[in-house]
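This report refers to the structure that appears directly beneath it.
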Amino acid sequence: MKSKKLAIPYMLWMLVFTMIPLVMIGFTAFTDNSGSFSLSAFADAFQYTNVFLKSLWIALISTIICLIIAYPLAYMISQMKKSTQNTVIMLVMIPMWMNFLLRIYAWVLLLQSGGPLDTLLSAIGIHGNYNNNTVAVIVGMVYEYMPFMLLPIYTVMGKIDVGLIEAAQDLGSNKVAVFRKVIFPLSVPGIISGITMVFVPTASTFVVAQYLGGTDDIMIGDVIDKIFFANNHTGAAISLVLMVFILIFLVLMNLFGDEEAIA
C-alpha cells in the first residue's frame, strides 16, 4: 500500500506531461478546423513520405556508425583499471554537459568553408565541401548520440563475470573464441539498449539537419517543427505516424532482447 502511494507523483507526472499531450495530438490529427472527424491531415502527411524515409535512413546509418565506434571503445574501457574507467567515462560525458545547440554550432564552425578542417585538409591538397550535406548531418548525429550507445554497452560489459571468461580460457578457447562465445552474447542487451537509445532520437530529431544539412537534407522532425503552428492538424498527423513507427520499433527491439535472454 505504501509503495502505491509513493507511485502517485509519478502517475500524476505521466498523466499531465505524457498522456494528456498524446491524447491532444491524437484528437488534433483526426479532426479538422471545425472539430469534426477527418482523415485529411493524414492525406497531407503522406506528402512527406520521402522526408520520413530519408530521416529513417539517416537515423539507421548514424546508429550503425555509433555502434561500430562505441562497441570496441566500450570493450577497451571495460578492460582498464577502475580509476581509469571512471576518468575516460567522464571525458566522454563532459561534452554532454554543454547545451545541445552549442555543440551543433561548434560543428558548423569546424566544417564550414575556411574553417579549421577545411584549412587543414586544403594545406595537404585535399579540397571539398564538408558542410551542408548529408555526411555532415550524420557526423553531427554520431557526435551527439554516440555516448548513448557507449554507456549501455560499457555498463553491460562491466558486469560480465570474469569467472566465465577464465573458464572459457581454461577450456582451451583463444581470445577470438572467448569474445565470440562469451563476451559478445552477454553484451547483446547493452547493444539493444544502445540501438534503441540512439535510433529513436535520431529518427525524430531536428535542428541538426537545419544547421549541418543542405536544402535536401531536411528531416521529419524539422518538418513537424516548421508546419505544426501553421497547420497543427498535419503536424499532429505526422507526429502520430512517427510515434507509431517508433512504438513498433521499440516492441521489435524488446522482442529481440527477450529472445536473446532466453537463448
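If you're wondering about the labels, chains in the C-alpha cells are A, B, ... by order shown, residues count from 1 in each chain, ligands from 1 in order shown.
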
Leaving out A:Ala74 and any residue of its chain fewer than 5 positions from it, which residues lie within 9 Å of it when counting only C-alpha atoms, given as a PDB file with all heavy atoms, in the first residue's frame?
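Once written, part.pdb looks like this:
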```
ATOM      1  N   ILE A  69      31.673   2.408 -33.599  1.00  0.00           N
ATOM      2  CA  ILE A  69      32.647   3.157 -32.798  1.00  0.00           C
ATOM      3  C   ILE A  69      32.554   2.776 -31.320  1.00  0.00           C
ATOM      4  O   ILE A  69      33.565   2.565 -30.645  1.00  0.00           O
ATOM      5  CB  ILE A  69      32.427   4.679 -32.964  1.00  0.00           C
ATOM      6  CG1 ILE A  69      32.694   5.098 -34.407  1.00  0.00           C
ATOM      7  CG2 ILE A  69      33.335   5.459 -32.009  1.00  0.00           C
ATOM      8  CD1 ILE A  69      32.355   6.545 -34.694  1.00  0.00           C
ATOM      9  N   GLN A  79      38.231  -2.979 -19.963  1.00  0.00           N
ATOM     10  CA  GLN A  79      39.444  -3.717 -19.629  1.00  0.00           C
ATOM     11  C   GLN A  79      40.451  -2.866 -18.853  1.00  0.00           C
ATOM     12  O   GLN A  79      41.490  -3.368 -18.418  1.00  0.00           O
ATOM     13  CB  GLN A  79      40.115  -4.233 -20.913  1.00  0.00           C
ATOM     14  CG  GLN A  79      39.242  -5.158 -21.750  1.00  0.00           C
ATOM     15  CD  GLN A  79      38.782  -6.371 -20.980  1.00  0.00           C
ATOM     16  OE1 GLN A  79      39.583  -7.106 -20.426  1.00  0.00           O
ATOM     17  NE2 GLN A  79      37.460  -6.581 -20.932  1.00  0.00           N
ATOM     18  N   LEU A 150      27.453   4.135 -26.208  1.00  0.00           N
ATOM     19  CA  LEU A 150      28.616   3.673 -25.443  1.00  0.00           C
ATOM     20  C   LEU A 150      28.252   3.242 -24.030  1.00  0.00           C
ATOM     21  O   LEU A 150      28.664   2.155 -23.566  1.00  0.00           O
ATOM     22  CB  LEU A 150      29.674   4.786 -25.403  1.00  0.00           C
ATOM     23  CG  LEU A 150      30.892   4.538 -24.520  1.00  0.00           C
ATOM     24  CD1 LEU A 150      31.740   3.399 -25.075  1.00  0.00           C
ATOM     25  CD2 LEU A 150      31.721   5.805 -24.380  1.00  0.00           C
ATOM     26  N   LEU A 151      27.499   4.055 -23.334  1.00  0.00           N
ATOM     27  CA  LEU A 151      27.258   3.812 -21.907  1.00  0.00           C
ATOM     28  C   LEU A 151      26.503   2.513 -21.624  1.00  0.00           C
ATOM     29  O   LEU A 151      26.908   1.757 -20.732  1.00  0.00           O
ATOM     30  CB  LEU A 151      26.529   5.010 -21.295  1.00  0.00           C
ATOM     31  CG  LEU A 151      27.359   6.303 -21.225  1.00  0.00           C
ATOM     32  CD1 LEU A 151      26.528   7.444 -20.654  1.00  0.00           C
ATOM     33  CD2 LEU A 151      28.619   6.097 -20.393  1.00  0.00           C
ATOM     34  N   PRO A 152      25.419   2.185 -22.347  1.00  0.00           N
ATOM     35  CA  PRO A 152      24.746   0.895 -22.068  1.00  0.00           C
ATOM     36  C   PRO A 152      25.644  -0.305 -22.335  1.00  0.00           C
ATOM     37  O   PRO A 152      25.637  -1.276 -21.560  1.00  0.00           O
ATOM     38  CB  PRO A 152      23.543   0.912 -23.018  1.00  0.00           C
ATOM     39  CG  PRO A 152      23.324   2.330 -23.357  1.00  0.00           C
ATOM     40  CD  PRO A 152      24.671   2.972 -23.342  1.00  0.00           C
ATOM     41  N   ILE A 153      26.419  -0.246 -23.422  1.00  0.00           N
ATOM     42  CA  ILE A 153      27.306  -1.373 -23.752  1.00  0.00           C
ATOM     43  C   ILE A 153      28.398  -1.500 -22.697  1.00  0.00           C
ATOM     44  O   ILE A 153      28.711  -2.602 -22.221  1.00  0.00           O
ATOM     45  CB  ILE A 153      27.921  -1.191 -25.151  1.00  0.00           C
ATOM     46  CG1 ILE A 153      26.820  -1.167 -26.203  1.00  0.00           C
ATOM     47  CG2 ILE A 153      28.916  -2.315 -25.450  1.00  0.00           C
ATOM     48  CD1 ILE A 153      27.307  -0.880 -27.612  1.00  0.00           C
ATOM     49  N   TYR A 154      28.979  -0.370 -22.296  1.00  0.00           N
ATOM     50  CA  TYR A 154      30.025  -0.387 -21.274  1.00  0.00           C
ATOM     51  C   TYR A 154      29.482  -0.913 -19.947  1.00  0.00           C
ATOM     52  O   TYR A 154      30.147  -1.713 -19.263  1.00  0.00           O
ATOM     53  CB  TYR A 154      30.594   1.021 -21.100  1.00  0.00           C
ATOM     54  CG  TYR A 154      31.323   1.228 -19.801  1.00  0.00           C
ATOM     55  CD1 TYR A 154      32.581   0.676 -19.589  1.00  0.00           C
ATOM     56  CD2 TYR A 154      30.747   1.968 -18.770  1.00  0.00           C
ATOM     57  CE1 TYR A 154      33.256   0.846 -18.380  1.00  0.00           C
ATOM     58  CE2 TYR A 154      31.402   2.144 -17.574  1.00  0.00           C
ATOM     59  CZ  TYR A 154      32.658   1.584 -17.380  1.00  0.00           C
ATOM     60  OH  TYR A 154      33.305   1.748 -16.181  1.00  0.00           O
ATOM     61  N   THR A 155      28.278  -0.487 -19.587  1.00  0.00           N
ATOM     62  CA  THR A 155      27.679  -0.931 -18.322  1.00  0.00           C
ATOM     63  C   THR A 155      27.475  -2.438 -18.308  1.00  0.00           C
ATOM     64  O   THR A 155      27.789  -3.113 -17.319  1.00  0.00           O
ATOM     65  CB  THR A 155      26.333  -0.218 -18.098  1.00  0.00           C
ATOM     66  OG1 THR A 155      26.549   1.194 -18.070  1.00  0.00           O
ATOM     67  CG2 THR A 155      25.708  -0.650 -16.782  1.00  0.00           C
ATOM     68  N   MET A 157      29.042  -4.705 -20.236  1.00  0.00           N
ATOM     69  CA  MET A 157      30.347  -5.370 -20.273  1.00  0.00           C
ATOM     70  C   MET A 157      31.023  -5.355 -18.911  1.00  0.00           C
ATOM     71  O   MET A 157      31.707  -6.307 -18.528  1.00  0.00           O
ATOM     72  CB  MET A 157      31.253  -4.696 -21.301  1.00  0.00           C
ATOM     73  CG  MET A 157      30.935  -5.046 -22.739  1.00  0.00           C
ATOM     74  SD  MET A 157      32.154  -4.355 -23.868  1.00  0.00           S
ATOM     75  CE  MET A 157      31.659  -5.121 -25.413  1.00  0.00           C
TER      76      MET A 157
END
```

Near-stretch 7-23 of chain A list (12 Å; only C-alpha atoms; drop same-chain fewer than 2 positions) as an MDAnalysis selection string: chainID A and resid 1:5 25:30 236:237 239:240 243:244

Residue among A:Gly235, A:Pro116, A:Gly214, A:Pro95 lying closest to A:Pro147, counting only C-alpha atoms: A:Pro95

A:Phe100 surroundings by only C-alpha atoms, 10 Å radius, close-in-sequence under 5 positions cut, as a PyMOL selection string: chain A and resi 95+105+144+207-208

Writing out the chosen residues with N, CA and C atoms as a PDB file, in the first residue's frame:
```pdb
ATOM      1  N   PRO A  95      31.368  16.644 -22.835  1.00  0.00           N
ATOM      2  CA  PRO A  95      30.678  17.429 -23.865  1.00  0.00           C
ATOM      3  C   PRO A  95      29.166  17.446 -23.705  1.00  0.00           C
ATOM      4  N   TYR A 105      26.584  24.163 -33.149  1.00  0.00           N
ATOM      5  CA  TYR A 105      27.283  25.348 -33.650  1.00  0.00           C
ATOM      6  C   TYR A 105      28.783  25.083 -33.777  1.00  0.00           C
ATOM      7  N   GLU A 144      26.590  13.632 -31.421  1.00  0.00           N
ATOM      8  CA  GLU A 144      25.622  13.944 -30.373  1.00  0.00           C
ATOM      9  C   GLU A 144      25.178  12.708 -29.605  1.00  0.00           C
ATOM     10  N   VAL A 207      16.873  20.400 -35.825  1.00  0.00           N
ATOM     11  CA  VAL A 207      17.958  21.362 -35.625  1.00  0.00           C
ATOM     12  C   VAL A 207      19.260  20.888 -36.269  1.00  0.00           C
ATOM     13  N   VAL A 208      19.651  19.613 -36.061  1.00  0.00           N
ATOM     14  CA  VAL A 208      20.916  19.136 -36.612  1.00  0.00           C
ATOM     15  C   VAL A 208      20.946  19.320 -38.121  1.00  0.00           C
TER      16      VAL A 208
END
```

Atom pair atom CA of A:Pro189 / atom CA of A:Leu247: separation (Å):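 The value is 18.5 Å.
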
A:Met141 surroundings by only C-alpha atoms, 9 Å radius, close-in-sequence under 3 positions cut, as an NGL selection string: :A and (58-59 or 62-63 or 66 or 136-138 or 144-146 or 202 or 208)

Near-A:Leu67 list (8 Å; only C-alpha atoms; drop same-chain fewer than 3 positions) as an NGL selection string: :A and (63-64 or 70-71 or 146 or 149-150 or 191 or 194-195)

Emit the selected residues as a short mmCIF file (atom, residue, chain, number, x, y, z; two decimals), in the first residue's frame, including N, CA, C and O atoms.
```cif
data_model
loop_
_atom_site.label_atom_id
_atom_site.label_comp_id
_atom_site.auth_asym_id
_atom_site.auth_seq_id
_atom_site.Cartn_x
_atom_site.Cartn_y
_atom_site.Cartn_z
N THR A 63 23.08 5.24 -36.40
CA THR A 63 23.06 4.22 -35.36
C THR A 63 24.13 3.16 -35.61
O THR A 63 24.83 2.74 -34.68
N ILE A 64 24.27 2.74 -36.86
CA ILE A 64 25.29 1.73 -37.21
C ILE A 64 26.69 2.26 -36.94
O ILE A 64 27.54 1.56 -36.37
N ALA A 70 31.32 2.69 -30.81
CA ALA A 70 31.12 2.54 -29.37
C ALA A 70 31.46 1.15 -28.86
O ALA A 70 31.98 1.01 -27.75
N TYR A 71 31.19 0.11 -29.64
CA TYR A 71 31.39 -1.25 -29.13
C TYR A 71 32.85 -1.54 -28.78
O TYR A 71 33.15 -1.93 -27.65
N MET A 146 26.53 9.31 -29.80
CA MET A 146 27.43 8.20 -29.56
C MET A 146 27.53 7.81 -28.07
O MET A 146 27.56 6.62 -27.75
N MET A 149 25.07 5.25 -27.01
CA MET A 149 25.39 3.89 -27.43
C MET A 149 26.49 3.31 -26.55
O MET A 149 26.44 2.13 -26.16
N LEU A 150 27.45 4.13 -26.21
CA LEU A 150 28.62 3.67 -25.44
C LEU A 150 28.25 3.24 -24.03
O LEU A 150 28.66 2.15 -23.57
N ILE A 191 23.82 -3.76 -26.36
CA ILE A 191 23.72 -3.35 -27.76
C ILE A 191 22.29 -2.94 -28.10
O ILE A 191 22.04 -1.92 -28.75
N GLY A 194 21.49 0.33 -26.50
CA GLY A 194 22.18 1.40 -27.21
C GLY A 194 21.52 1.73 -28.53
O GLY A 194 21.34 2.92 -28.87
N ILE A 195 21.15 0.71 -29.30
CA ILE A 195 20.48 0.93 -30.58
C ILE A 195 19.16 1.69 -30.37
O ILE A 195 18.83 2.63 -31.10
#
```

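The residue that comes closest to A:Ile104, out of A:Val241, A:Leu56, A:Val142, A:Leu117 and on the basis of only C-alpha atoms, is A:Val142.
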
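Nearest-residue note for A:Pro201: choosing from A:Ile160, A:Leu242, A:Val176, A:Ile224, the minimum distance belongs to A:Leu242, counting only C-alpha atoms.
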
Filtered DSSP result for stretch 152-210 of chain A, state alpha helix (DSSP H), as a PyMOL selection string: chain A and resi 152-158+162-170+175-178+184-204+208-210

Keeping C-alpha atoms for every residue in the selection just given, could you write it to a file as a compact mmCIF listing (two decimals), in the first residue's frame?
```txt
# COMPACT_ATOMS: atom_id res chain seq x y z
CA PRO A 152 24.75 0.90 -22.07
CA ILE A 153 27.31 -1.37 -23.75
CA TYR A 154 30.02 -0.39 -21.27
CA THR A 155 27.68 -0.93 -18.32
CA VAL A 156 26.74 -4.44 -19.50
CA MET A 157 30.35 -5.37 -20.27
CA GLY A 158 31.42 -4.18 -16.84
CA VAL A 162 35.30 -12.63 -15.11
CA GLY A 163 34.97 -16.25 -13.98
CA LEU A 164 33.11 -17.07 -17.19
CA ILE A 165 35.94 -15.68 -19.29
CA GLU A 166 38.55 -17.54 -17.25
CA ALA A 167 36.53 -20.77 -17.52
CA ALA A 168 36.39 -20.43 -21.32
CA GLN A 169 40.15 -19.85 -21.42
CA ASP A 170 40.79 -22.88 -19.20
CA LYS A 175 40.73 -14.68 -27.41
CA VAL A 176 38.58 -14.75 -30.54
CA ALA A 177 36.52 -17.70 -29.26
CA VAL A 178 36.12 -16.10 -25.83
CA PHE A 184 29.55 -10.76 -27.34
CA PRO A 185 26.47 -12.83 -26.38
CA LEU A 186 26.46 -11.36 -22.87
CA SER A 187 26.81 -7.82 -24.24
CA VAL A 188 23.79 -8.11 -26.57
CA PRO A 189 21.36 -6.50 -24.04
CA GLY A 190 23.65 -3.44 -23.96
CA ILE A 191 23.72 -3.35 -27.76
CA ILE A 192 19.93 -3.47 -27.95
CA SER A 193 19.60 -0.70 -25.37
CA GLY A 194 22.18 1.40 -27.21
CA ILE A 195 20.48 0.93 -30.58
CA THR A 196 17.15 1.95 -29.05
CA MET A 197 18.61 4.99 -27.29
CA VAL A 198 20.29 6.20 -30.48
CA PHE A 199 17.86 5.29 -33.26
CA VAL A 200 14.73 6.72 -31.60
CA PRO A 201 16.05 10.27 -31.01
CA THR A 202 17.98 10.45 -34.31
CA ALA A 203 14.84 9.48 -36.24
CA SER A 204 12.82 12.30 -34.65
CA VAL A 208 20.92 19.14 -36.61
CA ALA A 209 19.85 18.98 -40.27
CA GLN A 210 18.89 22.66 -40.20
```

For A:Leu39, the nearest of the candidates A:Arg180, A:Thr234, A:Phe256, A:Lys54, counting only C-alpha atoms: A:Thr234

Interatomic distance, atom CA of A:Gly140 to atom CA of A:Leu212 (Å, one decimal):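 These atoms are spaced 7.4 Å apart.
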
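Between atom CA of A:Ile220 and atom CA of A:Phe206 the interatomic distance comes to 7.6 Å.
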